[in-house]
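Read through the structure below, which is laid out as structure tokens, and then see the notes.
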Amino acid sequence: MNTALSLDSILPLVRKPGRYIGGELHAARPDYAAVDLAFALVFPDLYEIGTSHQGLQILYHILNSEPGLAAERCFCPDTDMEEQLRRHKVPLFSLESRRPLAEFDVIGITLPYELCFSNILTILDLAQIPLRAAERGEDAPLVIGGGSCSMNPEPLADFFDAIVLGDGEEVILEIAEALRAAKKESLSRQEKLHKLAEIAGVYIPAFFAPQYEGQQLKAVLPLKPGYTHIRRRIVSQLPPTELLERPLVPMVKPVHDRLGVEIARGCTRGCRFCQAGMIYRPVRERTVEQVMQLAEQGIQNSGFGELALLSLSTGDYSCLPELLTKLMDRFAEERVSISLPSMRVGTLTPEVIAQIRRVRKTGFTVAPEAGTDRLREVINKGITEEDLLAGCRDAFNAGWSVLKFYFMIGLPTETLEDVDAIVDLAARARREASGKKADINVSVSTFVPKPHTPFQWCGQISLDESKERIQRLMKKLPPKGYKLKWHDPEQCLLEGVFSRGDRRLSRLLEEAWRDGARLDGWNEHFSLARWQQAAERIGIDLEFYLRQRDRSEVLPWDHLSSGVDRSFLEREYERAMERAYTPDCRNQGCQNCGLCDFKSIRPLVNPPKEAAASAVPAVHKQERDKNSQPTIFRYRADYSRLGDGRFIGHLELLNLVFRALQRAGLPVLFSQGFNPTPKVSFSPALPVGVESEIEFFEVDLAEPIRRPAEMLDELNRQLPSFMAITALALAKKKAPVNEIISYDCLLPEGVALEQAADCIAAFQVTEKFLLERSRKGKSREFDLKEFIRKLELHGGGRLLLDLYHPCAEAGVGPRDALAAVFGLKDEQAELVRIVKMRVREMQ
């Protein structure tokens, strides 16, 4: 099947078609004539969530840097795209080459979050791959999972051939080599699984069999001699910087629209509720020099305007003041802001705050987790109320007026007094503003006990209890100066079921999916009732999975090891009940969790240095010169936007251009104020689905372009293949004028040419062609004859359309005009291919 041709009749009909076109900057373009083994790396959520995922990008670049290997990407389609793929019988495909997923050797699926599980079944089914591993034939790809949920993959185990535990950077190449050799030897599917089982950190679910007695799991029996426990893989240090210097730059704006740089992996603060703090140990930091290299090359090669320093606890990075000073000295002049998305109370010092705000004040979030010092002692948070209030005081003094607090409800030993204390703590924090304008946003989520943590035996509070506690907060939190947000407790319930579930949940997952469960992480799609009804039909008690567990009970993940000893987890649970503090091993000695051998596995922490004084003023040069009336050089760039470019929305186009200008090194001027933006103006927005030969943008520069022809070529190198700058010159001032715009259009299949000719004839002889337009709740009638100045039908369904576009009032779009004249249904109108060709001014 020609997927490219099929997409022409699909993408015009879906929301955000840019999600599915690929073509991102630095995306791979595999030559399959030289490829021995092909991976499809799949993130089971929408493009906007998955495209900036660090783990996926790391594996993508590792595989594509190896001769003979290729990796492409795929994301879960939205429900409208799923419907169109099924309707047109088009199999799910990769972004880079639009190759059907079933043609890859390996489907590698990230397991990031329990509410993505139903999406995995959507992806496999759309790819025309049998859902269950036992049902796949010899020619089917191997389906391999990995990610944070791999530490209890049992609810998904029946759908996967293999699952990787832990860090993937080394094991992915070992898997590739094993499968490349197996392919050359024409080994059977079963023989391939035995080869994979020999690789440390690779779990083959089919080689284990759970046994139950009533509802209770009694054992998980190994079926392969010598293959009884699987321990997660741990890399001794983070991947080389050269692999990550050319980041993928998304087409559609992602949730995290920034350059992410992983400065450290692992956290040993020892928060007892935190799964990531246990399963990503030990701490491994990059050096300041490595981070600077990644930031320098990443910003230069991407054009992002924000740099995020990623870690489980960014504030604990040992050289943070030194790093921030160097980063801001390097990037403040380019208006690149620095965000620290994971900061602990106490690590946001005045020095750190001062550096962050040098470009723009990014969000300020603190996570007390609990409302009282007592409960924070239970969870080993290691901060006091005074620590929190001091951090708020520093933030308010530095100019922040909005702070976000993150709390959990339902933590072990929590009382209603602890819940009420959340309100009291927020009020005391707001008073630290000392009369200045201040808002406190309180975000609340229900605590989910996670595997491989000291609280893995604890029960999860019921849905009714969650709702009651949220209602209590709503009533007690004052309306002025505070805002309460909460994670849907119904979603938390399902997360809790799957996070500690066993293989019997695969039946629930498939039953709910067949009943329509899709994109459960999105509120607009999630329905707990659907899951409850599915559970009832197949006889599964959801509450059974949320209960308190006895420490003698067999847990579904007992045969999978994070490397942290069970005895350490038991000891930490006991210390929680005693409210005893367990210090951080990175600076207060080994706490005997059992993970490190102090040879290949050990903490890797940099010796801290004093931060040098900043060499760059705290404000941008443009701000310093704002009263000196600097010379502005305004340039106009004319460009075409054809092919897949029609599927990019106007806001996405703005980002593409902004980043191309940045990568080309042009001295773009920025607006003033809290959130500076590039001073670039664009021709009127093209509707999604319309191509154009005659678009333009104007950009204000601090200096003239010395060699316009060379800069034109450079900009074209930085733009996607569907865009091409055709002229670049100083802009001329021009008053708005009325215009006639010519469009070249192609009617879709199914529209009879004879009927189209009759419609044109009828339109031409009618005196008026009245239509009604509704805008902002108001309707008015207009005559389409005043806007259509030419409409001619040529061979093959090609139309030439001239439309009058007044400069001072609303006009009519070409698609709407054609739909009205030819009586097209909505879908037919969307499938008309339209190219904007010429503009002429009306005198």
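Here's how to read the names in the structure tokens: chain A, B, ... by the order shown, residue numbers from 1 in each chain, ligand numbers from 1 in the order shown.
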
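The environment of A:Leu493 within 10 Å, counting only C-alpha atoms and disregarding residues fewer than 2 places along the same chain, consists of A:Thr446, A:Phe447, A:Val448, A:Gln460, A:Ile461, A:Ser462, A:Leu463, A:Ser466, A:Asp488, A:Pro489, A:Glu490, A:Gln491, A:Glu495, A:Gly496, A:Val497, A:Phe498, A:Ser499, A:Leu528, A:Leu542, A:Glu543, A:Tyr545, A:Leu546.
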
Those selected residues, please, written with N, CA and C atoms and delivered as a CSV table (one decimal), in the first residue's frame.
```csv
chain,number,residue,atom,x,y,z
A,446,THR,N,-3.8,12.3,44.5
A,446,THR,CA,-3.9,11.2,45.4
A,446,THR,C,-2.6,10.4,45.4
A,447,PHE,N,-2.1,10.0,46.5
A,447,PHE,CA,-0.9,9.2,46.6
A,447,PHE,C,-1.2,7.8,46.1
A,448,VAL,N,-0.3,7.3,45.2
A,448,VAL,CA,-0.4,5.9,44.7
A,448,VAL,C,0.8,5.2,45.2
A,460,GLN,N,-4.0,2.2,49.2
A,460,GLN,CA,-4.3,3.5,48.6
A,460,GLN,C,-5.7,3.9,49.1
A,461,ILE,N,-5.9,5.1,49.5
A,461,ILE,CA,-7.2,5.5,50.0
A,461,ILE,C,-8.3,5.4,48.9
A,462,SER,N,-9.5,5.2,49.3
A,462,SER,CA,-10.6,4.9,48.4
A,462,SER,C,-10.9,6.2,47.5
A,463,LEU,N,-11.7,5.9,46.5
A,463,LEU,CA,-12.1,7.1,45.7
A,463,LEU,C,-12.9,8.0,46.5
A,466,SER,N,-10.7,10.2,48.6
A,466,SER,CA,-10.0,11.2,47.8
A,466,SER,C,-10.9,12.4,47.5
A,488,ASP,N,-7.3,14.2,38.8
A,488,ASP,CA,-8.6,13.4,38.9
A,488,ASP,C,-8.4,12.2,39.7
A,489,PRO,N,-9.1,12.1,40.9
A,489,PRO,CA,-8.9,10.9,41.7
A,489,PRO,C,-9.4,9.6,41.1
A,490,GLU,N,-10.3,9.7,40.1
A,490,GLU,CA,-10.7,8.5,39.3
A,490,GLU,C,-9.5,8.0,38.5
A,491,GLN,N,-8.7,8.9,37.9
A,491,GLN,CA,-7.5,8.4,37.2
A,491,GLN,C,-6.5,7.9,38.1
A,495,GLU,N,-4.6,4.2,38.1
A,495,GLU,CA,-3.2,4.2,38.1
A,495,GLU,C,-2.7,3.3,39.3
A,496,GLY,N,-3.4,3.3,40.4
A,496,GLY,CA,-3.1,2.5,41.5
A,496,GLY,C,-3.3,1.0,41.2
A,497,VAL,N,-4.4,0.7,40.5
A,497,VAL,CA,-4.7,-0.7,40.2
A,497,VAL,C,-3.6,-1.3,39.3
A,498,PHE,N,-3.2,-0.5,38.3
A,498,PHE,CA,-2.2,-1.1,37.3
A,498,PHE,C,-0.8,-1.0,37.9
A,499,SER,N,-0.5,0.0,38.8
A,499,SER,CA,0.9,0.1,39.2
A,499,SER,C,1.2,-1.1,40.1
A,528,LEU,N,-13.9,6.2,34.1
A,528,LEU,CA,-13.7,5.1,35.1
A,528,LEU,C,-14.8,4.1,35.0
A,542,LEU,N,-11.5,-4.4,41.4
A,542,LEU,CA,-10.5,-3.3,41.4
A,542,LEU,C,-9.9,-3.0,42.8
A,543,GLU,N,-10.8,-3.0,43.8
A,543,GLU,CA,-10.4,-2.6,45.1
A,543,GLU,C,-9.4,-3.6,45.7
A,545,TYR,N,-6.8,-4.6,44.3
A,545,TYR,CA,-5.4,-4.2,44.0
A,545,TYR,C,-5.0,-2.9,44.8
A,546,LEU,N,-5.9,-2.3,45.4
A,546,LEU,CA,-5.6,-1.0,46.2
A,546,LEU,C,-5.4,-1.3,47.7
```

Legend entry - stretch 575-588 of chain A environment, 10 Å, only C-alpha atoms, sequence neighbours closer than 4 positions dropped, as a PyMOL selection string: chain A and resi 267-272+282-283+316+318+374-382+412-413+454-455+569-571+592-593+602-605

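Minimum atom-to-atom distances from A:Glu114, A:Glu198, A:Asp105, A:Asp394 to A:Ala140 were compared using only C-alpha atoms, and the lowest value belongs to A:Asp105.
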
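With only C-alpha atoms as the atoms that count, the minimum distance from A:Pro247 to the choices A:Ser94, A:Thr51, A:Ser186, A:Thr372 is reached by A:Thr51.
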
Inset, instruction - Would you list the contacts of A:Ala660 as a VMD selection string, taking every protein, DNA or RNA residue within 12 Å and counting only C-alpha atoms, but skipping same-chain residues closer than 5 positions in sequence? - result: chain A and resid 25 249 299 to 305 653 to 655 665 to 666 668 678 711 to 720 723 to 725

How would the residues just chosen look if you wrote them out with N, CA and C atoms as an mmCIF file, in the first residue's frame?
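Full text of part_16.cif as output:
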```
data_model
loop_
_atom_site.group_PDB
_atom_site.id
_atom_site.type_symbol
_atom_site.label_atom_id
_atom_site.label_comp_id
_atom_site.auth_asym_id
_atom_site.auth_seq_id
_atom_site.Cartn_x
_atom_site.Cartn_y
_atom_site.Cartn_z
ATOM 1 N N LEU A 25 13.533 18.617 12.066
ATOM 2 C CA LEU A 25 14.962 18.872 11.982
ATOM 3 C C LEU A 25 15.727 17.790 12.751
ATOM 4 N N VAL A 249 13.737 18.581 16.616
ATOM 5 C CA VAL A 249 12.966 19.818 16.818
ATOM 6 C C VAL A 249 11.554 19.578 16.293
ATOM 7 N N ILE A 299 21.317 24.289 21.729
ATOM 8 C CA ILE A 299 20.645 25.547 21.384
ATOM 9 C C ILE A 299 21.029 25.992 19.986
ATOM 10 N N GLN A 300 22.299 25.881 19.658
ATOM 11 C CA GLN A 300 22.756 26.287 18.325
ATOM 12 C C GLN A 300 22.099 25.450 17.234
ATOM 13 N N ASN A 301 21.939 24.159 17.483
ATOM 14 C CA ASN A 301 21.413 23.267 16.461
ATOM 15 C C ASN A 301 19.891 23.132 16.474
ATOM 16 N N SER A 302 19.241 23.757 17.454
ATOM 17 C CA SER A 302 17.777 23.651 17.520
ATOM 18 C C SER A 302 17.073 24.989 17.404
ATOM 19 N N GLY A 303 17.625 26.042 18.037
ATOM 20 C CA GLY A 303 16.948 27.329 18.052
ATOM 21 C C GLY A 303 15.919 27.460 19.154
ATOM 22 N N PHE A 304 15.877 26.521 20.103
ATOM 23 C CA PHE A 304 14.939 26.638 21.216
ATOM 24 C C PHE A 304 15.220 27.913 22.002
ATOM 25 N N GLY A 305 14.150 28.475 22.585
ATOM 26 C CA GLY A 305 14.296 29.676 23.404
ATOM 27 C C GLY A 305 14.302 29.399 24.884
ATOM 28 N N LEU A 653 4.027 27.291 12.530
ATOM 29 C CA LEU A 653 4.864 27.937 11.524
ATOM 30 C C LEU A 653 5.707 29.042 12.155
ATOM 31 N N LEU A 654 5.110 29.823 13.040
ATOM 32 C CA LEU A 654 5.859 30.885 13.714
ATOM 33 C C LEU A 654 7.070 30.306 14.428
ATOM 34 N N ASN A 655 6.870 29.207 15.157
ATOM 35 C CA ASN A 655 7.986 28.589 15.874
ATOM 36 C C ASN A 655 9.063 28.096 14.918
ATOM 37 N N GLY A 665 21.755 32.476 12.905
ATOM 38 C CA GLY A 665 22.623 33.464 13.542
ATOM 39 C C GLY A 665 22.230 34.908 13.288
ATOM 40 N N LEU A 666 20.993 35.171 12.896
ATOM 41 C CA LEU A 666 20.561 36.546 12.647
ATOM 42 C C LEU A 666 20.331 37.282 13.971
ATOM 43 N N VAL A 668 18.202 38.988 15.709
ATOM 44 C CA VAL A 668 16.779 39.361 15.778
ATOM 45 C C VAL A 668 16.520 40.187 17.025
ATOM 46 N N PRO A 678 10.471 37.310 19.661
ATOM 47 C CA PRO A 678 11.129 37.879 18.485
ATOM 48 C C PRO A 678 10.201 38.835 17.733
ATOM 49 N N MET A 711 22.663 34.553 3.000
ATOM 50 C CA MET A 711 21.746 34.339 4.120
ATOM 51 C C MET A 711 20.472 33.650 3.659
ATOM 52 N N LEU A 712 20.019 33.963 2.450
ATOM 53 C CA LEU A 712 18.844 33.281 1.899
ATOM 54 C C LEU A 712 19.116 31.771 1.809
ATOM 55 N N ASP A 713 20.277 31.417 1.315
ATOM 56 C CA ASP A 713 20.628 29.993 1.218
ATOM 57 C C ASP A 713 20.716 29.354 2.606
ATOM 58 N N GLU A 714 21.296 30.090 3.564
ATOM 59 C CA GLU A 714 21.431 29.546 4.910
ATOM 60 C C GLU A 714 20.062 29.327 5.558
ATOM 61 N N LEU A 715 19.162 30.268 5.390
ATOM 62 C CA LEU A 715 17.820 30.104 5.955
ATOM 63 C C LEU A 715 17.111 28.898 5.343
ATOM 64 N N ASN A 716 17.279 28.704 4.042
ATOM 65 C CA ASN A 716 16.649 27.541 3.406
ATOM 66 C C ASN A 716 17.223 26.230 3.922
ATOM 67 N N ARG A 717 18.500 26.241 4.304
ATOM 68 C CA ARG A 717 19.076 25.032 4.904
ATOM 69 C C ARG A 717 18.447 24.741 6.263
ATOM 70 N N GLN A 718 17.997 25.798 6.945
ATOM 71 C CA GLN A 718 17.447 25.645 8.285
ATOM 72 C C GLN A 718 15.946 25.355 8.292
ATOM 73 N N LEU A 719 15.296 25.535 7.179
ATOM 74 C CA LEU A 719 13.852 25.344 7.112
ATOM 75 C C LEU A 719 13.507 23.940 6.621
ATOM 76 N N PRO A 720 12.318 23.441 6.960
ATOM 77 C CA PRO A 720 11.917 22.118 6.461
ATOM 78 C C PRO A 720 11.761 22.129 4.951
ATOM 79 N N MET A 723 9.225 24.233 2.880
ATOM 80 C CA MET A 723 9.315 25.697 2.836
ATOM 81 C C MET A 723 10.552 26.110 2.052
ATOM 82 N N ALA A 724 10.430 27.191 1.289
ATOM 83 C CA ALA A 724 11.584 27.704 0.538
ATOM 84 C C ALA A 724 11.478 29.224 0.437
ATOM 85 N N ILE A 725 12.508 29.929 0.942
ATOM 86 C CA ILE A 725 12.551 31.386 0.815
ATOM 87 C C ILE A 725 12.988 31.728 -0.600
#
```

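Taking stretch 344-538 of chain A and asking which residues DSSP calls strand (DSSP E) on the backbone, you get Thr365, Val366, Ala367, Pro368, Glu369, Val402, Leu403, Lys404, Phe405, Tyr406, Phe407, Met408, Ile409, Asp439, Ile440, Asn441, Val442, Ser443, Val444, Ser445, Thr446, Tyr482, Lys483, Leu484, Lys485 and Trp486 of chain A.
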
Inset, instruction - Would you return as JSON, numbers by chain the members of stretch 157-379 of chain A that DSSP assigns to helix (DSSP H, G or I) on this structure's backbone? - result: {"A": [157, 158, 159, 171, 172, 173, 174, 175, 176, 177, 178, 179, 180, 181, 182, 183, 184, 189, 190, 191, 192, 193, 194, 195, 196, 197, 205, 206, 207, 241, 242, 243, 244, 275, 276, 277, 278, 279, 288, 289, 290, 291, 292, 293, 294, 295, 296, 297, 298, 299, 300, 301, 302, 314, 315, 316, 320, 321, 322, 323, 324, 325, 326, 327, 328, 329, 330, 331, 332, 333, 334, 350, 351, 352, 353, 354, 355, 356, 373, 374, 375, 376, 377, 378]}

Inset, instruction - Write out as a VMD selection string which residues come within 7 Å of A:Ala133 when counting only C-alpha atoms, dropping same-chain ones fewer than 6 positions away. - result: chain A and resid 158 to 161

Would you put the residues from that selection into a file with all heavy atoms, as a CSV table (one decimal), in the first residue's frame?
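Dumped everything to part27.csv:
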```
chain,number,residue,atom,x,y,z
A,158,ASP,N,1.6,-10.1,29.0
A,158,ASP,CA,1.1,-11.0,27.9
A,158,ASP,C,1.2,-10.3,26.5
A,158,ASP,O,1.1,-11.0,25.5
A,158,ASP,CB,-0.3,-11.4,28.2
A,158,ASP,CG,-0.4,-12.4,29.3
A,158,ASP,OD1,0.6,-13.0,29.7
A,158,ASP,OD2,-1.5,-12.6,29.9
A,159,PHE,N,1.4,-9.0,26.5
A,159,PHE,CA,1.4,-8.3,25.2
A,159,PHE,C,2.8,-8.1,24.7
A,159,PHE,O,3.0,-7.6,23.6
A,159,PHE,CB,0.7,-7.0,25.3
A,159,PHE,CG,-0.7,-7.1,25.9
A,159,PHE,CD1,-1.0,-6.6,27.1
A,159,PHE,CD2,-1.7,-7.7,25.1
A,159,PHE,CE1,-2.3,-6.7,27.6
A,159,PHE,CE2,-3.0,-7.8,25.6
A,159,PHE,CZ,-3.3,-7.3,26.9
A,160,PHE,N,3.8,-8.4,25.5
A,160,PHE,CA,5.2,-8.1,25.2
A,160,PHE,C,6.0,-9.4,25.0
A,160,PHE,O,5.9,-10.3,25.8
A,160,PHE,CB,5.9,-7.2,26.2
A,160,PHE,CG,5.5,-5.8,26.1
A,160,PHE,CD1,4.3,-5.3,26.6
A,160,PHE,CD2,6.3,-4.9,25.4
A,160,PHE,CE1,3.9,-4.0,26.5
A,160,PHE,CE2,5.9,-3.6,25.2
A,160,PHE,CZ,4.7,-3.1,25.7
A,161,ASP,N,6.9,-9.4,24.0
A,161,ASP,CA,7.9,-10.5,23.9
A,161,ASP,C,9.0,-10.4,24.9
A,161,ASP,O,9.5,-11.4,25.4
A,161,ASP,CB,8.5,-10.5,22.4
A,161,ASP,CG,7.4,-10.8,21.4
A,161,ASP,OD1,6.9,-11.9,21.4
A,161,ASP,OD2,7.1,-9.8,20.6
```

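The nearest approach to A:Gly266 among the residues A:Leu238, A:Val336, A:Ala810, A:Ala134, with only C-alpha atoms taken into account, belongs to A:Leu238.
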
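Counting from atom CA of A:Leu728, the distance to atom CA of A:Arg838 is 18.1 Å.
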
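Going from atom CA of A:Val657 over to atom CA of A:His61, you cover 24.7 Å.
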
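Across the structure, atom CA of A:Ala276 and atom CA of A:Glu351 are spaced 28.0 Å apart.
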
Inset, instruction - Mind checking which residues fall within 12 Å of A:Ser561, counting only C-alpha atoms, ignoring those fewer than 3 positions away in the same chain, and posting them as an MDAnalysis selection string? - result: chainID A and resid 150:152 164:166 200:203 228:234 278:279 451:453 555:558 564:566 594:595

Would you output that residue set with N, CA, C and O atoms, as a tab-separated table (two decimals), in the first residue's frame?
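New file out-v5.tsv:
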```tsv
chain	number	residue	atom	x	y	z
A	150	SER	N	8.37	-0.46	33.58
A	150	SER	CA	8.90	-1.81	33.35
A	150	SER	C	9.25	-2.51	34.66
A	150	SER	O	9.43	-3.72	34.68
A	151	MET	N	9.30	-1.77	35.77
A	151	MET	CA	9.64	-2.42	37.04
A	151	MET	C	8.46	-3.17	37.63
A	151	MET	O	8.63	-3.94	38.57
A	152	ASN	N	7.25	-2.94	37.11
A	152	ASN	CA	6.16	-3.90	37.29
A	152	ASN	C	5.35	-3.93	36.00
A	152	ASN	O	4.30	-3.30	35.89
A	164	VAL	N	12.77	-4.54	28.91
A	164	VAL	CA	14.07	-4.14	29.45
A	164	VAL	C	13.86	-3.44	30.77
A	164	VAL	O	13.05	-2.51	30.87
A	165	LEU	N	14.59	-3.86	31.80
A	165	LEU	CA	14.55	-3.21	33.09
A	165	LEU	C	15.74	-2.26	33.21
A	165	LEU	O	16.89	-2.67	33.01
A	166	GLY	N	15.45	-0.99	33.54
A	166	GLY	CA	16.53	-0.06	33.84
A	166	GLY	C	17.02	0.73	32.64
A	166	GLY	O	16.33	0.90	31.64
A	200	ALA	N	21.72	-9.43	30.32
A	200	ALA	CA	21.38	-8.91	31.64
A	200	ALA	C	20.37	-7.77	31.51
A	200	ALA	O	20.53	-6.87	30.69
A	201	GLY	N	19.33	-7.83	32.34
A	201	GLY	CA	18.33	-6.77	32.37
A	201	GLY	C	17.16	-6.99	31.43
A	201	GLY	O	16.24	-6.17	31.42
A	202	VAL	N	17.17	-8.09	30.65
A	202	VAL	CA	16.08	-8.36	29.72
A	202	VAL	C	15.16	-9.42	30.31
A	202	VAL	O	15.60	-10.53	30.65
A	203	TYR	N	13.90	-9.08	30.43
A	203	TYR	CA	12.88	-9.94	31.02
A	203	TYR	C	12.00	-10.51	29.91
A	203	TYR	O	11.44	-9.75	29.11
A	228	THR	N	15.78	-16.97	36.93
A	228	THR	CA	14.82	-16.87	38.02
A	228	THR	C	14.53	-15.45	38.45
A	228	THR	O	13.43	-15.14	38.92
A	229	HIS	N	15.52	-14.58	38.36
A	229	HIS	CA	15.35	-13.18	38.75
A	229	HIS	C	16.04	-12.29	37.72
A	229	HIS	O	17.10	-12.65	37.20
A	230	ILE	N	15.45	-11.14	37.44
A	230	ILE	CA	16.04	-10.20	36.48
A	230	ILE	C	16.32	-8.91	37.22
A	230	ILE	O	15.44	-8.36	37.90
A	231	ARG	N	17.54	-8.46	37.14
A	231	ARG	CA	17.95	-7.23	37.81
A	231	ARG	C	18.11	-6.14	36.77
A	231	ARG	O	18.63	-6.37	35.68
A	232	ARG	N	17.69	-4.95	37.12
A	232	ARG	CA	17.71	-3.84	36.15
A	232	ARG	C	19.14	-3.47	35.76
A	232	ARG	O	20.09	-3.63	36.55
A	233	ARG	N	19.27	-2.97	34.55
A	233	ARG	CA	20.56	-2.50	34.03
A	233	ARG	C	20.83	-1.10	34.54
A	233	ARG	O	19.93	-0.25	34.61
A	234	ILE	N	22.08	-0.84	34.84
A	234	ILE	CA	22.50	0.47	35.33
A	234	ILE	C	23.75	0.89	34.58
A	234	ILE	O	24.75	0.16	34.58
A	278	MET	N	14.02	5.37	43.91
A	278	MET	CA	14.55	4.04	44.18
A	278	MET	C	15.04	3.36	42.90
A	278	MET	O	16.12	2.74	42.89
A	279	ILE	N	14.29	3.47	41.81
A	279	ILE	CA	14.61	2.68	40.62
A	279	ILE	C	15.58	3.37	39.67
A	279	ILE	O	15.97	2.77	38.66
A	451	PRO	N	5.47	0.13	43.32
A	451	PRO	CA	6.41	-0.98	43.54
A	451	PRO	C	7.82	-0.48	43.80
A	451	PRO	O	8.21	0.61	43.36
A	452	HIS	N	8.59	-1.31	44.51
A	452	HIS	CA	10.02	-1.07	44.78
A	452	HIS	C	10.24	0.18	45.64
A	452	HIS	O	11.31	0.78	45.58
A	453	THR	N	9.23	0.57	46.44
A	453	THR	CA	9.39	1.67	47.39
A	453	THR	C	9.07	1.15	48.80
A	453	THR	O	8.42	0.11	48.96
A	555	LEU	N	4.51	-10.49	45.95
A	555	LEU	CA	4.16	-9.33	45.13
A	555	LEU	C	4.40	-9.65	43.66
A	555	LEU	O	5.35	-10.39	43.33
A	556	PRO	N	3.60	-9.12	42.74
A	556	PRO	CA	3.72	-9.49	41.32
A	556	PRO	C	5.10	-9.21	40.73
A	556	PRO	O	5.48	-9.82	39.73
A	557	TRP	N	5.85	-8.30	41.35
A	557	TRP	CA	7.16	-7.90	40.81
A	557	TRP	C	8.32	-8.47	41.62
A	557	TRP	O	9.46	-8.04	41.44
A	558	ASP	N	8.07	-9.43	42.47
A	558	ASP	CA	9.15	-9.95	43.33
A	558	ASP	C	10.29	-10.59	42.54
A	558	ASP	O	11.42	-10.68	43.04
A	564	VAL	N	17.85	-2.39	44.70
A	564	VAL	CA	17.72	-2.00	46.11
A	564	VAL	C	17.17	-3.19	46.88
A	564	VAL	O	16.17	-3.79	46.51
A	565	ASP	N	17.83	-3.54	47.97
A	565	ASP	CA	17.45	-4.72	48.74
A	565	ASP	C	16.06	-4.57	49.34
A	565	ASP	O	15.69	-3.50	49.83
A	566	ARG	N	15.32	-5.68	49.34
A	566	ARG	CA	14.02	-5.69	50.01
A	566	ARG	C	14.16	-5.34	51.48
A	566	ARG	O	13.32	-4.64	52.07
A	594	GLY	N	22.01	-1.47	49.31
A	594	GLY	CA	22.37	-2.72	48.63
A	594	GLY	C	22.64	-2.59	47.15
A	594	GLY	O	22.97	-3.58	46.50
A	595	LEU	N	22.54	-1.39	46.61
A	595	LEU	CA	22.64	-1.23	45.15
A	595	LEU	C	24.09	-1.20	44.67
A	595	LEU	O	24.46	-1.91	43.73
```

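For A:Leu784, the list of residues within 7 Å, based on only C-alpha atoms and with local chain neighbours fewer than 3 positions off taken out, reads Phe769, Leu770, Leu771, Phe787 and Ile788 of chain A.
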
Given the selection you just returned, output its residues as a file containing all heavy atoms, formatted as a short mmCIF file (atom, residue, chain, number, x, y, z; two decimals), in the first residue's frame.
```cif
data_model
loop_
_atom_site.label_atom_id
_atom_site.label_comp_id
_atom_site.auth_asym_id
_atom_site.auth_seq_id
_atom_site.Cartn_x
_atom_site.Cartn_y
_atom_site.Cartn_z
N PHE A 769 -25.75 35.68 -4.63
CA PHE A 769 -25.54 34.36 -4.03
C PHE A 769 -25.33 34.60 -2.54
O PHE A 769 -24.21 34.82 -2.07
CB PHE A 769 -24.30 33.69 -4.65
CG PHE A 769 -24.24 32.20 -4.44
CD1 PHE A 769 -24.59 31.32 -5.46
CD2 PHE A 769 -23.86 31.66 -3.21
CE1 PHE A 769 -24.53 29.95 -5.28
CE2 PHE A 769 -23.81 30.29 -3.02
CZ PHE A 769 -24.14 29.42 -4.06
N LEU A 770 -26.44 34.61 -1.82
CA LEU A 770 -26.42 35.03 -0.41
C LEU A 770 -26.02 33.87 0.50
O LEU A 770 -26.50 32.75 0.36
CB LEU A 770 -27.78 35.57 -0.01
CG LEU A 770 -28.24 36.82 -0.77
CD1 LEU A 770 -29.63 37.25 -0.31
CD2 LEU A 770 -27.25 37.97 -0.60
N LEU A 771 -25.12 34.20 1.44
CA LEU A 771 -24.68 33.26 2.47
C LEU A 771 -24.77 33.94 3.83
O LEU A 771 -24.77 35.19 3.92
CB LEU A 771 -23.25 32.79 2.24
CG LEU A 771 -22.97 31.95 0.99
CD1 LEU A 771 -21.49 31.67 0.90
CD2 LEU A 771 -23.74 30.64 1.05
N PHE A 787 -17.31 38.65 -3.75
CA PHE A 787 -15.98 38.18 -3.40
C PHE A 787 -15.36 37.33 -4.51
O PHE A 787 -14.15 37.40 -4.74
CB PHE A 787 -16.04 37.38 -2.10
CG PHE A 787 -16.36 38.21 -0.90
CD1 PHE A 787 -17.68 38.39 -0.50
CD2 PHE A 787 -15.36 38.84 -0.19
CE1 PHE A 787 -17.99 39.17 0.60
CE2 PHE A 787 -15.65 39.62 0.92
CZ PHE A 787 -16.97 39.79 1.31
N ILE A 788 -16.15 36.51 -5.19
CA ILE A 788 -15.59 35.67 -6.26
C ILE A 788 -15.52 36.49 -7.54
O ILE A 788 -16.55 36.87 -8.11
CB ILE A 788 -16.44 34.41 -6.47
CG1 ILE A 788 -16.36 33.51 -5.23
CG2 ILE A 788 -15.96 33.64 -7.69
CD1 ILE A 788 -17.14 32.21 -5.34
#
```

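Minimum atom-to-atom distances from A:Ile601, A:Leu403, A:Ile21, A:Leu425 to A:Asp387 were compared using only C-alpha atoms, and the lowest value belongs to A:Leu425.
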
Inset, instruction - Pick out the residues sitting within 6 Å of stretch 688-698 of chain A, and hand them over as an MDAnalysis selection string; count only C-alpha atoms, and ignore anything fewer than 3 positions along from it in its own chain. - result: chainID A and resid 635:642 646:647 649 680:683 834:837
